[in-house]
Structure formats: C-alpha cells, structure tokens
file work35.cif (mmCIF, C-alpha atoms)
data_query
#
loop_
_atom_site.label_atom_id
_atom_site.label_comp_id
_atom_site.auth_asym_id
_atom_site.auth_seq_id
_atom_site.Cartn_x
_atom_site.Cartn_y
_atom_site.Cartn_z
CA GLU A 1 9.12 -29.03 -2.81
CA GLY A 2 6.86 -30.10 0.05
CA ASP A 3 6.55 -26.42 1.01
CA ASP A 4 5.62 -25.54 -2.55
CA ALA A 5 2.91 -28.22 -2.68
CA GLU A 6 1.41 -26.90 0.57
CA LEU A 7 1.55 -23.34 -0.74
CA GLU A 8 -0.25 -24.36 -3.92
CA GLU A 9 -2.97 -25.92 -1.77
CA LEU A 10 -3.32 -22.74 0.32
CA LEU A 11 -3.43 -20.61 -2.83
CA GLY A 12 -6.04 -22.70 -4.64
CA PRO A 13 -9.07 -21.05 -6.29
CA SER A 14 -10.87 -18.74 -3.86
CA PRO A 15 -14.42 -19.70 -2.90
CA LEU A 16 -15.12 -15.97 -2.50
CA ALA A 17 -14.02 -14.84 -5.98
CA PRO A 18 -16.87 -13.60 -8.18
CA GLU A 19 -17.72 -15.99 -10.99
CA PRO A 20 -15.35 -15.50 -13.93
CA GLY A 21 -16.65 -13.61 -16.93
CA ALA A 22 -18.41 -10.31 -17.43
CA GLN A 23 -20.30 -8.51 -14.67
CA ARG A 24 -22.89 -5.81 -15.39
CA VAL A 25 -22.96 -3.72 -12.25
CA ALA A 26 -25.17 -1.12 -10.60
CA VAL A 27 -23.08 1.02 -8.22
CA VAL A 28 -25.20 2.12 -5.24
CA HIS A 29 -24.00 4.67 -2.69
CA PRO A 30 -25.90 5.13 0.59
CA ALA A 31 -25.55 8.86 1.26
CA VAL A 32 -25.77 9.82 4.94
CA LYS A 33 -27.15 13.36 4.78
CA TRP A 34 -27.36 14.05 8.52
CA GLY A 35 -26.27 12.81 11.96
CA PRO A 36 -22.90 11.61 13.34
CA LYS A 37 -22.24 9.24 10.38
CA LYS A 38 -22.32 12.12 7.84
CA PRO A 39 -18.85 12.34 6.21
CA GLN A 40 -17.05 15.67 6.75
CA LEU A 41 -14.33 15.97 4.10
CA THR A 42 -16.15 14.59 1.07
CA THR A 43 -19.44 14.44 -0.85
CA ALA A 44 -21.66 11.57 -2.01
CA GLU A 45 -20.70 12.41 -5.64
CA LEU A 46 -16.96 12.05 -4.90
CA GLN A 47 -17.53 8.86 -2.90
CA ILE A 48 -19.47 7.22 -5.73
CA ALA A 49 -16.78 8.39 -8.20
CA GLU A 50 -14.19 6.42 -6.20
CA ALA A 51 -16.50 3.36 -6.19
CA VAL A 52 -16.78 3.69 -9.99
CA ALA A 53 -12.96 3.90 -10.27
CA LEU A 54 -12.70 0.64 -8.30
CA VAL A 55 -15.10 -1.16 -10.66
CA ASP A 56 -13.32 0.30 -13.73
CA THR A 57 -10.14 -1.42 -12.51
CA LEU A 58 -11.72 -4.83 -13.14
CA GLN A 59 -11.61 -6.34 -16.59
CA ASN A 60 -15.02 -7.28 -18.06
CA TRP A 61 -16.94 -5.36 -15.37
CA THR A 62 -19.32 -2.77 -16.87
CA ILE A 63 -21.26 -0.11 -14.96
CA LEU A 64 -24.92 0.08 -15.95
CA ASP A 65 -25.97 2.78 -13.50
CA LYS A 66 -24.71 4.93 -10.59
CA ILE A 67 -27.36 5.44 -7.91
CA ILE A 68 -27.09 7.69 -4.83
CA ILE A 69 -29.82 6.96 -2.26
CA PRO A 70 -30.13 8.85 1.05
CA THR A 71 -30.14 6.93 4.36
CA LYS A 72 -30.25 7.87 8.04
CA ASN A 73 -28.51 4.76 9.33
CA PRO A 74 -26.31 2.70 6.95
CA ASP A 75 -25.73 0.11 9.70
CA LYS A 76 -29.27 -1.27 9.83
CA LYS A 77 -30.25 -4.54 8.18
CA PHE A 78 -31.53 -3.21 4.84
CA ILE A 79 -29.23 -0.12 4.97
CA PHE A 80 -32.03 2.15 3.63
CA GLY A 81 -35.45 3.19 4.95
CA LYS A 82 -38.45 1.23 3.65
CA GLY A 83 -39.53 3.80 1.02
CA ASN A 84 -36.03 4.35 -0.37
CA PHE A 85 -35.39 0.60 -0.40
CA GLU A 86 -38.47 0.06 -2.58
CA VAL A 87 -37.41 2.86 -4.96
CA LEU A 88 -33.92 1.34 -5.22
CA THR A 89 -35.26 -2.20 -5.77
CA GLU A 90 -37.45 -0.92 -8.62
CA LYS A 91 -34.48 0.86 -10.25
CA ILE A 92 -32.29 -2.26 -10.04
CA LYS A 93 -35.02 -4.53 -11.43
CA LYS A 94 -35.43 -2.24 -14.47
CA LEU A 95 -31.73 -2.39 -15.45
CA PRO A 96 -31.12 -4.53 -18.56
CA HIS A 97 -29.24 -7.80 -17.83
CA VAL A 98 -27.86 -6.55 -14.49
CA THR A 99 -25.75 -9.27 -12.77
CA ALA A 100 -24.50 -7.51 -9.61
CA VAL A 101 -24.89 -4.56 -7.25
CA PHE A 102 -21.80 -2.90 -5.71
CA LEU A 103 -23.00 -1.36 -2.45
CA ASN A 104 -20.42 1.30 -1.55
CA VAL A 105 -20.16 0.50 2.18
CA GLU A 106 -17.12 -0.91 3.94
CA ARG A 107 -18.62 -4.28 4.88
CA ILE A 108 -22.10 -5.87 5.04
CA SER A 109 -22.94 -8.89 7.17
CA SER A 110 -23.54 -12.21 5.41
CA LEU A 111 -27.17 -12.04 6.63
CA THR A 112 -27.73 -8.59 5.06
CA LYS A 113 -25.98 -9.79 1.88
CA LYS A 114 -28.34 -12.76 1.61
CA GLU A 115 -31.46 -10.64 2.25
CA LEU A 116 -30.39 -8.08 -0.39
CA GLU A 117 -29.52 -10.79 -2.95
CA ASP A 118 -32.96 -12.38 -2.39
CA ALA A 119 -34.69 -8.99 -2.80
CA TRP A 120 -32.77 -7.94 -5.93
CA GLY A 121 -32.14 -11.34 -7.54
CA VAL A 122 -28.44 -10.55 -8.23
CA LYS A 123 -25.05 -10.84 -6.47
CA VAL A 124 -24.25 -8.05 -3.95
CA PHE A 125 -20.66 -6.90 -3.28
CA ASP A 126 -19.37 -4.43 -0.64
CA ARG A 127 -16.06 -2.50 -0.68
CA TYR A 128 -14.27 -5.32 1.13
CA THR A 129 -15.17 -7.93 -1.50
CA VAL A 130 -14.50 -5.60 -4.45
CA VAL A 131 -11.11 -4.41 -3.15
CA LEU A 132 -10.20 -8.00 -2.27
CA HIS A 133 -11.09 -9.08 -5.81
CA ILE A 134 -8.95 -6.27 -7.29
CA PHE A 135 -6.09 -7.46 -5.05
CA ARG A 136 -6.71 -11.02 -6.25
CA CYS A 137 -6.47 -9.92 -9.90
CA ASN A 138 -3.29 -7.88 -9.30
CA ALA A 139 -1.36 -10.24 -7.00
CA ARG A 140 1.82 -11.49 -8.65
CA THR A 141 3.97 -12.93 -5.84
CA LYS A 142 3.30 -15.76 -3.40
CA GLU A 143 3.43 -13.26 -0.54
CA ALA A 144 0.68 -11.04 -1.97
CA LYS A 145 -1.46 -14.11 -2.71
CA LEU A 146 -1.00 -15.41 0.84
CA GLN A 147 -1.93 -12.01 2.28
CA ILE A 148 -5.14 -12.07 0.25
CA ALA A 149 -5.92 -15.62 1.41
CA LEU A 150 -5.45 -14.37 5.00
CA ALA A 151 -7.79 -11.41 4.41
CA GLU A 152 -10.46 -13.85 3.17
CA ILE A 153 -10.60 -15.84 6.42
CA PRO A 154 -12.95 -13.42 8.32
CA LEU A 155 -15.33 -13.47 5.32
CA LEU A 156 -15.28 -17.27 5.16
CA ARG A 157 -16.06 -17.39 8.91
CA SER A 158 -18.97 -15.01 8.59
CA ASN A 159 -20.33 -16.92 5.54
CA LEU A 160 -20.06 -20.15 7.52
CA LYS A 161 -22.27 -18.76 10.32
CA SER A 162 -25.05 -17.80 7.92
CA GLU A 163 -24.70 -21.12 6.03
CA VAL A 164 -25.09 -23.09 9.29
CA SER A 165 -28.06 -21.04 10.50
CA GLN A 166 -29.77 -21.74 7.14
CA LEU A 167 -29.04 -25.49 7.39
CA ASP A 168 -30.37 -25.51 10.96
CA GLN A 169 -33.60 -23.87 9.85
CA GLN A 170 -33.98 -26.41 7.05
CA ARG A 171 -33.19 -29.47 9.20
CA GLY A 172 -34.46 -28.32 12.58
CA GLY A 173 -31.21 -28.21 14.58
CA SER A 174 -27.57 -29.03 13.88
CA ARG A 175 -26.35 -32.58 13.25
CA TYR A 176 -23.12 -34.26 14.31
CA ILE A 177 -20.88 -35.51 11.52
CA MET A 178 -20.86 -39.29 11.20
CA GLY A 179 -20.44 -39.95 14.94
CA SER A 180 -17.31 -37.76 15.16
CA GLY A 181 -18.73 -35.79 18.09
CA GLU A 182 -18.12 -32.59 16.06
CA THR A 183 -20.89 -30.50 14.60
CA PHE A 184 -20.61 -29.30 10.99
CA MET A 185 -19.91 -25.78 12.34
CA GLU A 186 -17.09 -27.01 14.64
CA THR A 187 -15.46 -29.04 11.86
CA GLN A 188 -15.54 -26.13 9.40
CA ASN A 189 -14.25 -23.70 12.03
CA ARG A 190 -11.40 -26.05 12.89
CA LEU A 191 -10.45 -26.38 9.19
CA LEU A 192 -10.51 -22.59 8.81
CA LYS A 193 -8.33 -22.17 11.91
CA GLU A 194 -5.82 -24.71 10.53
CA LYS A 195 -5.78 -22.92 7.18
CA GLU A 196 -5.21 -19.55 8.89
CA LEU A 197 -2.28 -20.96 10.94
CA LYS A 198 -0.70 -22.45 7.80
CA ILE A 199 -1.00 -19.12 5.93
CA ARG A 200 0.49 -17.18 8.88
CA SER A 201 3.35 -19.70 9.12
CA ALA A 202 4.08 -19.44 5.34
CA LEU A 203 4.02 -15.62 5.61
CA GLU A 204 6.39 -15.79 8.59
CA LYS A 205 8.88 -17.84 6.52
CA LEU A 206 8.75 -15.24 3.73
CA ARG A 207 9.10 -12.46 6.29
CA ARG A 208 12.25 -14.06 7.74
CA LYS A 209 13.69 -14.43 4.24
CA ARG A 210 13.02 -10.73 3.59
CA SER A 211 14.55 -9.82 6.93
CA LEU A 212 17.74 -11.63 5.83
CA LEU A 213 17.78 -9.69 2.54
CA ARG A 214 17.24 -6.48 4.52
CA THR A 215 20.26 -7.28 6.73
CA GLN A 216 22.44 -7.84 3.66
CA ARG A 217 21.22 -4.53 2.23
CA ARG A 218 22.02 -2.79 5.53
CA LYS A 219 25.58 -4.19 5.41
CA ARG A 220 26.04 -2.55 2.05
CA GLU A 221 24.67 0.65 3.63
CA PHE A 222 22.22 1.65 0.92
CA PRO A 223 19.81 4.21 2.37
CA ILE A 224 16.16 3.15 1.83
CA ILE A 225 13.40 5.56 0.81
CA SER A 226 9.78 4.35 1.03
CA VAL A 227 7.49 6.05 -1.50
CA MET A 228 3.91 6.08 -0.21
CA GLY A 229 0.59 7.65 -1.07
CA TYR A 230 -3.08 7.19 -1.88
CA THR A 231 -3.70 4.66 -4.62
CA ASN A 232 -3.10 6.03 -8.15
CA CYS A 233 -1.28 9.18 -6.93
CA GLY A 234 1.71 8.54 -9.22
CA LYS A 235 4.21 6.71 -6.94
CA THR A 236 5.47 4.32 -9.63
CA THR A 237 5.75 7.14 -12.20
CA LEU A 238 7.80 9.15 -9.69
CA ILE A 239 10.15 6.21 -8.93
CA LYS A 240 10.61 5.67 -12.67
CA ALA A 241 11.52 9.37 -13.06
CA LEU A 242 13.93 9.32 -10.09
CA THR A 243 15.71 6.10 -11.11
CA GLY A 244 15.41 6.15 -14.91
CA GLU A 245 14.35 2.48 -14.71
CA ALA A 246 12.84 1.79 -18.11
CA GLY A 247 11.26 -1.52 -17.06
CA LEU A 248 8.82 0.20 -14.68
CA GLN A 249 5.39 0.43 -16.30
CA PRO A 250 3.07 2.70 -14.29
CA ARG A 251 -0.64 1.89 -14.75
CA ASP A 252 -3.46 4.39 -14.41
CA GLN A 253 -5.54 2.25 -12.08
CA LEU A 254 -6.19 1.63 -8.41
CA PHE A 255 -3.95 -0.90 -6.62
CA ALA A 256 -1.63 -1.49 -9.58
CA THR A 257 1.16 -2.10 -7.00
CA LEU A 258 0.50 -4.78 -4.37
CA ASP A 259 4.00 -6.02 -3.63
CA ILE A 260 6.97 -4.15 -2.27
CA THR A 261 9.39 -3.53 -5.14
CA ALA A 262 12.85 -2.00 -4.74
CA HIS A 263 14.59 0.20 -7.32
CA ALA A 264 18.12 1.67 -7.22
CA GLY A 265 18.73 5.35 -7.93
CA TYR A 266 21.32 8.08 -7.33
CA LEU A 267 21.15 11.39 -5.49
CA PRO A 268 22.95 14.59 -6.66
CA SER A 269 26.12 13.61 -4.75
CA HIS A 270 26.08 10.23 -6.62
CA MET A 271 25.05 8.48 -3.40
CA ALA A 272 23.28 5.20 -4.29
CA VAL A 273 19.87 4.77 -2.64
CA ILE A 274 17.00 2.28 -2.87
CA TYR A 275 13.46 3.52 -3.59
CA VAL A 276 10.74 1.19 -2.34
CA ASP A 277 7.35 1.24 -4.08
CA THR A 278 4.51 0.31 -1.72
CA ILE A 279 0.81 -0.61 -1.87
CA GLY A 280 -1.51 2.39 -2.32
CA PHE A 281 -3.99 3.51 0.34
CA LEU A 282 -7.76 3.93 0.14
CA SER A 283 -10.21 5.66 2.47
CA ASP A 284 -12.41 3.19 4.40
CA LEU A 285 -10.00 0.41 3.52
CA PRO A 286 -11.31 -2.37 5.78
CA HIS A 287 -9.13 -2.93 8.84
CA ASN A 288 -8.63 -6.68 8.18
CA LEU A 289 -7.33 -5.88 4.71
CA VAL A 290 -4.72 -3.42 6.02
CA GLU A 291 -3.76 -5.96 8.70
CA SER A 292 -3.24 -8.72 6.10
CA PHE A 293 -0.83 -6.45 4.25
CA SER A 294 1.05 -5.39 7.39
CA ALA A 295 3.88 -7.76 6.39
CA THR A 296 4.30 -5.72 3.21
CA LEU A 297 3.96 -2.43 5.06
CA GLU A 298 6.39 -3.38 7.85
CA GLU A 299 9.21 -2.77 5.34
CA VAL A 300 8.42 0.96 5.76
CA ALA A 301 9.54 0.89 9.41
CA TYR A 302 13.06 -0.05 8.23
CA SER A 303 13.41 2.81 5.77
CA ASP A 304 15.51 5.91 6.36
CA LEU A 305 12.96 8.28 4.85
CA ILE A 306 9.31 8.34 3.71
CA VAL A 307 8.24 10.32 0.65
CA HIS A 308 4.47 10.93 0.72
CA VAL A 309 3.16 11.52 -2.82
CA ARG A 310 -0.16 13.35 -3.28
CA ASP A 311 -2.23 13.75 -6.45
CA ILE A 312 -2.84 17.45 -5.97
CA THR A 313 -5.40 17.57 -8.82
CA HIS A 314 -7.76 15.16 -7.05
CA PRO A 315 -10.85 16.89 -5.58
CA GLU A 316 -10.42 14.85 -2.37
CA THR A 317 -6.67 15.38 -1.98
CA VAL A 318 -7.09 16.63 1.64
CA LEU A 319 -9.13 13.56 2.63
CA GLN A 320 -6.61 11.30 0.85
CA LYS A 321 -3.75 12.86 2.85
CA ALA A 322 -5.70 12.25 6.09
CA SER A 323 -6.30 8.58 5.10
CA VAL A 324 -2.59 7.96 4.39
CA LEU A 325 -1.41 9.67 7.59
CA SER A 326 -3.96 7.76 9.66
CA VAL A 327 -2.70 4.37 8.33
CA LEU A 328 0.95 5.43 8.83
CA LYS A 329 0.24 6.40 12.46
CA ASN A 330 -1.36 2.98 13.06
CA LEU A 331 1.76 1.21 11.77
CA ASN A 332 3.64 2.31 14.93
CA LEU A 333 6.52 3.74 12.90
CA PRO A 334 9.47 5.36 14.68
CA SER A 335 8.57 9.02 15.38
CA HIS A 336 11.66 10.36 13.53
CA LEU A 337 10.32 8.75 10.30
CA LEU A 338 6.96 10.54 10.58
CA GLU A 339 8.63 13.85 11.51
CA SER A 340 11.14 13.84 8.63
CA MET A 341 8.61 12.78 5.95
CA VAL A 342 8.86 14.64 2.61
CA GLU A 343 5.49 15.69 1.18
CA VAL A 344 5.31 15.83 -2.62
CA HIS A 345 2.47 17.48 -4.57
CA ASN A 346 2.36 15.57 -7.86
CA LYS A 347 0.66 16.29 -11.24
CA VAL A 348 1.17 20.09 -11.01
CA ASP A 349 1.46 20.16 -14.83
CA LEU A 350 -2.37 19.91 -14.78
CA ILE A 351 -2.78 23.09 -12.66
CA GLU A 352 -1.80 26.55 -13.84
CA ARG A 353 0.92 28.24 -11.73
CA TYR A 354 0.49 25.89 -8.75
CA GLU A 355 2.03 26.92 -5.42
CA PRO A 356 1.81 24.53 -2.42
CA THR A 357 0.01 26.04 0.57
CA GLU A 358 1.54 23.50 3.01
CA GLU A 359 4.91 24.48 4.43
CA ASN A 360 7.85 22.42 3.09
CA ALA A 361 5.73 20.61 0.45
CA LEU A 362 7.44 20.26 -2.95
CA ALA A 363 5.51 20.76 -6.21
CA ILE A 364 6.46 18.28 -8.94
CA SER A 365 5.29 16.62 -12.13
CA ALA A 366 6.67 13.07 -12.13
CA LEU A 367 5.49 12.65 -15.72
CA HIS A 368 7.26 15.75 -17.10
CA GLY A 369 10.22 15.89 -14.68
CA HIS A 370 9.26 19.28 -13.21
CA GLY A 371 10.73 19.86 -9.70
CA LEU A 372 12.65 16.56 -9.57
CA GLU A 373 16.09 18.13 -8.99
CA GLU A 374 14.77 20.07 -5.96
CA LEU A 375 13.15 16.86 -4.68
CA LYS A 376 16.42 14.90 -5.03
CA GLU A 377 18.29 17.65 -3.12
CA GLU A 378 15.69 17.58 -0.33
CA ILE A 379 15.88 13.76 -0.16
CA GLU A 380 19.69 13.92 0.01
CA LYS A 381 19.61 16.49 2.83
CA LYS A 382 17.18 14.35 4.85
CA ILE A 383 19.04 11.09 4.12
CA LEU A 384 22.39 12.54 5.25
CA LYS A 385 20.74 13.66 8.50
CA ALA A 386 18.87 10.35 9.02
CA THR A 387 21.91 8.15 8.39
CA GLY A 388 24.41 10.36 10.23
CA LYS A 389 26.57 10.77 7.11
CA LYS A 390 28.34 13.79 5.65
CA ILE A 391 29.84 14.68 2.27
CA LEU A 392 33.46 15.82 2.55
CA SER A 393 36.44 16.63 0.38
CA ILE A 394 39.61 15.23 1.96
CA THR A 395 43.17 15.89 0.85
CA VAL A 396 45.20 12.69 1.06
CA ASN A 397 48.89 11.85 0.63
CA LEU A 398 49.25 9.43 -2.30
CA GLN A 399 52.19 7.70 -0.56
CA GLY A 400 50.12 6.91 2.55
CA PRO A 401 47.30 4.45 3.29
CA GLN A 402 44.52 7.11 3.49
CA LEU A 403 43.03 6.51 0.02
CA SER A 404 42.71 2.73 0.40
CA TRP A 405 41.30 3.26 3.94
CA LEU A 406 38.62 5.60 2.53
CA TYR A 407 37.73 3.13 -0.25
CA LYS A 408 37.22 0.48 2.44
CA GLU A 409 35.38 2.49 5.11
CA ALA A 410 33.48 5.18 3.15
CA THR A 411 31.88 5.76 -0.26
CA VAL A 412 34.46 7.41 -2.53
CA GLN A 413 32.73 9.57 -5.13
CA GLU A 414 35.51 11.43 -6.96
CA VAL A 415 39.30 11.40 -6.89
CA GLU A 416 41.21 14.38 -8.30
CA VAL A 417 44.93 13.50 -8.46
CA MET A 418 47.66 16.20 -8.35
CA PRO A 419 50.76 14.08 -9.21
CA GLU A 420 53.25 16.96 -9.00
CA ASP A 421 52.29 17.52 -5.33
CA GLY A 422 51.91 13.79 -4.55
CA ILE A 423 48.37 14.37 -3.26
CA ALA A 424 44.76 13.74 -4.26
CA ARG A 425 41.53 15.50 -3.38
CA VAL A 426 38.92 12.85 -2.57
CA LYS A 427 35.17 13.50 -2.34
CA VAL A 428 33.56 10.97 0.04
CA ILE A 429 30.27 10.16 1.76
CA ILE A 430 31.29 9.07 5.25
CA SER A 431 29.45 8.22 8.48
CA ASN A 432 30.20 10.25 11.61
CA SER A 433 31.73 7.22 13.33
CA ALA A 434 34.01 6.39 10.36
CA PHE A 435 35.06 10.05 10.12
CA GLY A 436 35.97 10.02 13.83
CA ARG A 437 38.19 6.95 13.26
CA TYR A 438 39.77 8.60 10.18
CA ARG A 439 40.72 11.73 12.17
CA ASN A 440 42.28 9.61 14.94
CA LEU A 441 44.33 7.63 12.41
CA PHE A 442 45.33 10.59 10.20
CA PRO A 443 45.27 13.70 12.43
CA ASN A 444 47.19 15.87 9.89
CA SER A 445 44.81 15.22 6.98
CA LYS A 446 43.02 18.33 5.63
CA PHE A 447 39.29 18.22 4.83
CA PHE A 448 36.48 20.62 3.96
CA ILE A 449 32.72 20.45 3.29
CA PRO A 450 32.07 21.15 -0.43
#
call {"tool": "encode", "arguments": {"input": "work35.cif", "output": "structure tokens"}}
result
Amino acid sequence: EGDDAELEELLGPSPLAPEPGAQRVAVVHPAVKWGPKKPQLTTAELQIAEAVALVDTLQNWTILDKIIIPTKNPDKKFIFGKGNFEVLTEKIKKLPHVTAVFLNVERISSLTKKELEDAWGVKVFDRYTVVLHIFRCNARTKEAKLQIALAEIPLLRSNLKSEVSQLDQQRGGSRYIMGSGETFMETQNRLLKEKELKIRSALEKLRRKRSLLRTQRRKREFPIISVMGYTNCGKTTLIKALTGEAGLQPRDQLFATLDITAHAGYLPSHMAVIYVDTIGFLSDLPHNLVESFSATLEEVAYSDLIVHVRDITHPETVLQKASVLSVLKNLNLPSHLLESMVEVHNKVDLIERYEPTEENALAISALHGHGLEELKEEIEKKILKATGKKILSITVNLQGPQLSWLYKEATVQEVEVMPEDGIARVKVIISNSAFGRYRNLFPNSKFFIP
C-alpha cells in the first residue's frame, strides 16, 4: 500500500500537459529546401501530413491551418529567416480563435518556445510535447505512465533553467531559500533528481516482476513472436487475425498501443505461441522518448522471432522501414533476431495485383486474411529453427513407457492408436536435446519427419 501511495504521487497530474479542453491548432512545418539538413527520403508535404495525423489523434484538437514555410537552418533561435518569420506571424495572427501552434520539429529549447509564444500570443508545441501528450492520453498501465513521467524529466529541467533565468532578470540575481544555503535552482534540481530516482526504482520493480513472468513463460516453453512496425501499420489487426482473439480492438490512430500485450495463437502444426504487440515507431521520435520506453522494448530481446509489419500503401513506406530498423539496431538485439526477421507487407488489398520487390517479404492483408496461411508457415519454419525443435511422427509401443515420456518431455500433437498392433503413431514437437535423450532411452523406436 505504501508503494501504491508513492506511485500515485509520482503519477500525479503532469505540469507539462496542455490545458484540458479544446485546442485550435496551426500546424507549421519548417521545410529545409537545401543544405545538409534537407531530408532525403521524404517531402515537406508528407512530413506535414504525419504532423496532421498526430494532431488528429488527440480528442478536441482541431486543425485550423497547415503551413509549410522554407528555412535554411531550423536550429537557429527563431527557426525561420526574418522575412519568412514575419509572413508566418501574420498568418497565425489572422487565424480565428487560434490557441496553439504545433511546430513540426523534434524539439525546441525552452528559450525559443518562450520567444515564439511571446511573438504569436499562443502556446507552442514541438513533436516531443505532442507525442508525449498522445502517450499521456493513451497510457493505461502504471508502467506506461511511469515511462511517460520519466520522459518528462528532461523537459522539466530545461523549463526550470529558463524559469530561473527569468526570475534572475526580474530580481537581479538569484536568492537563497530561507537561509537553507540552497538556491531556488539547486532545490528544484534536487527535487527533480529525487523524482527521477523514484521513477527509475519503481520501473525497476516492475521490470523484475516481468522478468519473473518471462521465466515462468520460458519454463512452459511457449515460443515468443514480437510484432513490430511503424505506428498505425496494422500490428494489432494482424495479431487479431493470427490469434482470432475477439477482444482485440485495433484503432486507426497513431500510438494506439503503448504497453506490451501478449496474445496466444497456434501455428499450422498446432504449436502454441505467444504474439507480443509492441509500441509503434515514428521517424524523428526524440531519443529521450525511445529511451524511456526501453523497458517496454527490452521484451523484444527475449523473443524467438520478430515480425516486421509494413503499411505498403503508405507513400513513405521506405522511410518508415528505415526508421524501424534504425531503432531495432540501437536496441542491441542479438544478431540472430535481426537476421531471421520476417518482413510483412500489409494492406495489399488496397493495391491491385501487388508483388513485393524485396526478397523474402510476404504480401498480406491482415483485415481480409489474405496471405495469412503462408505467413503462419513461414513463422513456424523460423520458430522451429530458432528454438531448435523439430516436428516428428514416432511409432511407440503401447505397452511401454514411451507415450507417457513424450507427454512429459515434448509437446504431443496427435495420437493415432492401432490397437490390433499394440502401437500408436504420435506426432510431437520436440527439442533436439529431448529427442537425443529419447533415442538413447528407446533405441528401437521408429520415427519419421511428416
């Protein structure tokens, strides 16, 4: 109970959350048209479309205008050149009842944010704050909420710096707090550090608990398949199709899944497996945000196979693939996991006569069930290889102990009894080591690969 009370305190209302209620937003995209910062695999129109999709995810947020403004250097204080900044300011001021501007850059400093808010007279959000707010709205479990609280710490630190510099300007130098020998800045920094340590400690407890559950799952030997992909590529729809789990409700929105969820399914040989649904990826997803969710993503390292789902109808599908692979490489996954990954091209029902150009990619429609049997067969082949198991038919003597031994040490799938001969033909999934022990114990037993 004490733990719960502390958790509640850590998960109190966020000082960074936008004010509740409706927001009327202008989406502004700084388009770098030249130089080293010019994006290679995308266009300003596609980038602003993704920014719009992010805003559309939020209830009560309405887009008043989408504005693309060219810039040479998006890293400078006002982001745009003087002339373009004036044009943009005029456009924003003319919008009816505008309450916020979403500037489609990864992160702006608290100083830039303040200058822009003063110039435009409305709240200014960057990708970090918008994505964080979407996470905040979608978080269901304590773990997801803690990860969001952790991702807020760098923002709170940066806000604190600008707050203190403002106070210093107003008061002419910093003041010590009531003879404590600590400045306001030092006290606030210490409190933030304590909060961060408490969050990390609470996450560590949850991680240990999950590690225990993982060990129990390993004992039962269920192979684990992590389903990954760019946000809104159809992962949840695919898991629902593979498992037939009626309770899964896929949502057509970005970051609908924030927590790891596990779902049982069967492969063609009736082998039971667990499909794990993971958080979606996004290009330019701020590094701190990915780091905060590393506890969720670490589950992937313990899987036996990764299925990478791509929305093949998306105009930026190549860039999306690059974003996912780049995050996966940074997770330091075992090399065999990256090499055996199954690539799935989803939503092919929306393209006439689609044929994948990538070698070994499988074309499917999770919504209509097209290509799912081939996918299950491919998954089974890779899982058998990854787990060192084989599917065998073994002829056993009904008088002997073979059948009960197989029930104990392997997964018995089918038993065909021939009473007149006193034998049974048993179809099993068995690990290489168990099969070696079986052959030593019962050297005369006949077997074949079906």
call {"tool": "residues_around", "arguments": {"input": "work35.cif", "residues": "Pro223 in chain A", "least_positions_apart": "6", "cutoff": "7 Å", "atoms": "only C-alpha atoms", "output": "ChimeraX atom specification"}}
result
/A:273-274,304
call {"tool": "resolve_selection", "arguments": {"input": "work35.cif", "expression": "the PyMOL selection byres ((chain A and resi 76-84) around 9)", "output": "PyMOL selection string"}}
result
chain A and resi 30+69-75+85-89+108-109+111-112+115-116
call {"tool": "closest_residue", "arguments": {"input": "work35.cif", "among": "A:Ile391, A:Leu160, A:Val28, A:Leu103", "to": "Phe184 in chain A", "atoms": "only C-alpha atoms"}}
result
A:Leu160
call {"tool": "closest_residue", "arguments": {"input": "work35.cif", "among": "A:Ala119, A:Ala44, A:Ile148, A:Ile379", "to": "Leu362 in chain A", "atoms": "all atoms listed in the file"}}
result
A:Ile379
call {"tool": "atom_distance", "arguments": {"input": "work35.cif", "atom1": "CA of Glu414 in chain A", "atom2": "CA of Met271 in chain A"}}
result
11.4 Å
call {"tool": "closest_residue", "arguments": {"input": "work35.cif", "among": "A:Ser431, A:Ser211, A:Thr99, A:Thr237", "to": "Gln23 in chain A", "atoms": "only C-alpha atoms"}}
result
A:Thr99
call {"tool": "residues_around", "arguments": {"input": "work35.cif", "residues": "Arg425 in chain A", "least_positions_apart": "5", "cutoff": "9 Å", "atoms": "only C-alpha atoms", "output": "compact mmCIF listing (two decimals) with C-alpha atoms, in the coordinates of the input"}}
result
# COMPACT_ATOMS: atom_id res chain seq x y z
CA SER A 393 36.44 16.63 0.38
CA ILE A 394 39.61 15.23 1.96
CA THR A 395 43.17 15.89 0.85
CA VAL A 396 45.20 12.69 1.06
CA GLU A 414 35.51 11.43 -6.96
CA VAL A 415 39.30 11.40 -6.89
CA GLU A 416 41.21 14.38 -8.30
CA VAL A 417 44.93 13.50 -8.46
CA MET A 418 47.66 16.20 -8.35
CA PHE A 447 39.29 18.22 4.83
call {"tool": "resolve_selection", "arguments": {"input": "work35.cif", "expression": "the PyMOL selection byres ((chain A and resi 125) around 12)", "output": "PyMOL selection string"}}
result
chain A and resi 16-18+23+25-28+51+55+99-110+112-114+116-117+122-124+126-133
call {"tool": "closest_residue", "arguments": {"input": "work35.cif", "among": "A:Lys33, A:Arg157, A:Lys381, A:Arg439", "to": "Ser269 in chain A", "atoms": "only C-alpha atoms"}}
result
A:Lys381
call {"tool": "atom_distance", "arguments": {"input": "work35.cif", "atom1": "CA of Gly244 in chain A", "atom2": "CA of His308 in chain A"}}
result
19.7 Å
call {"tool": "atom_distance", "arguments": {"input": "work35.cif", "atom1": "CA of Gly121 in chain A", "atom2": "CA of Gln59 in chain A"}}
result
23.0 Å
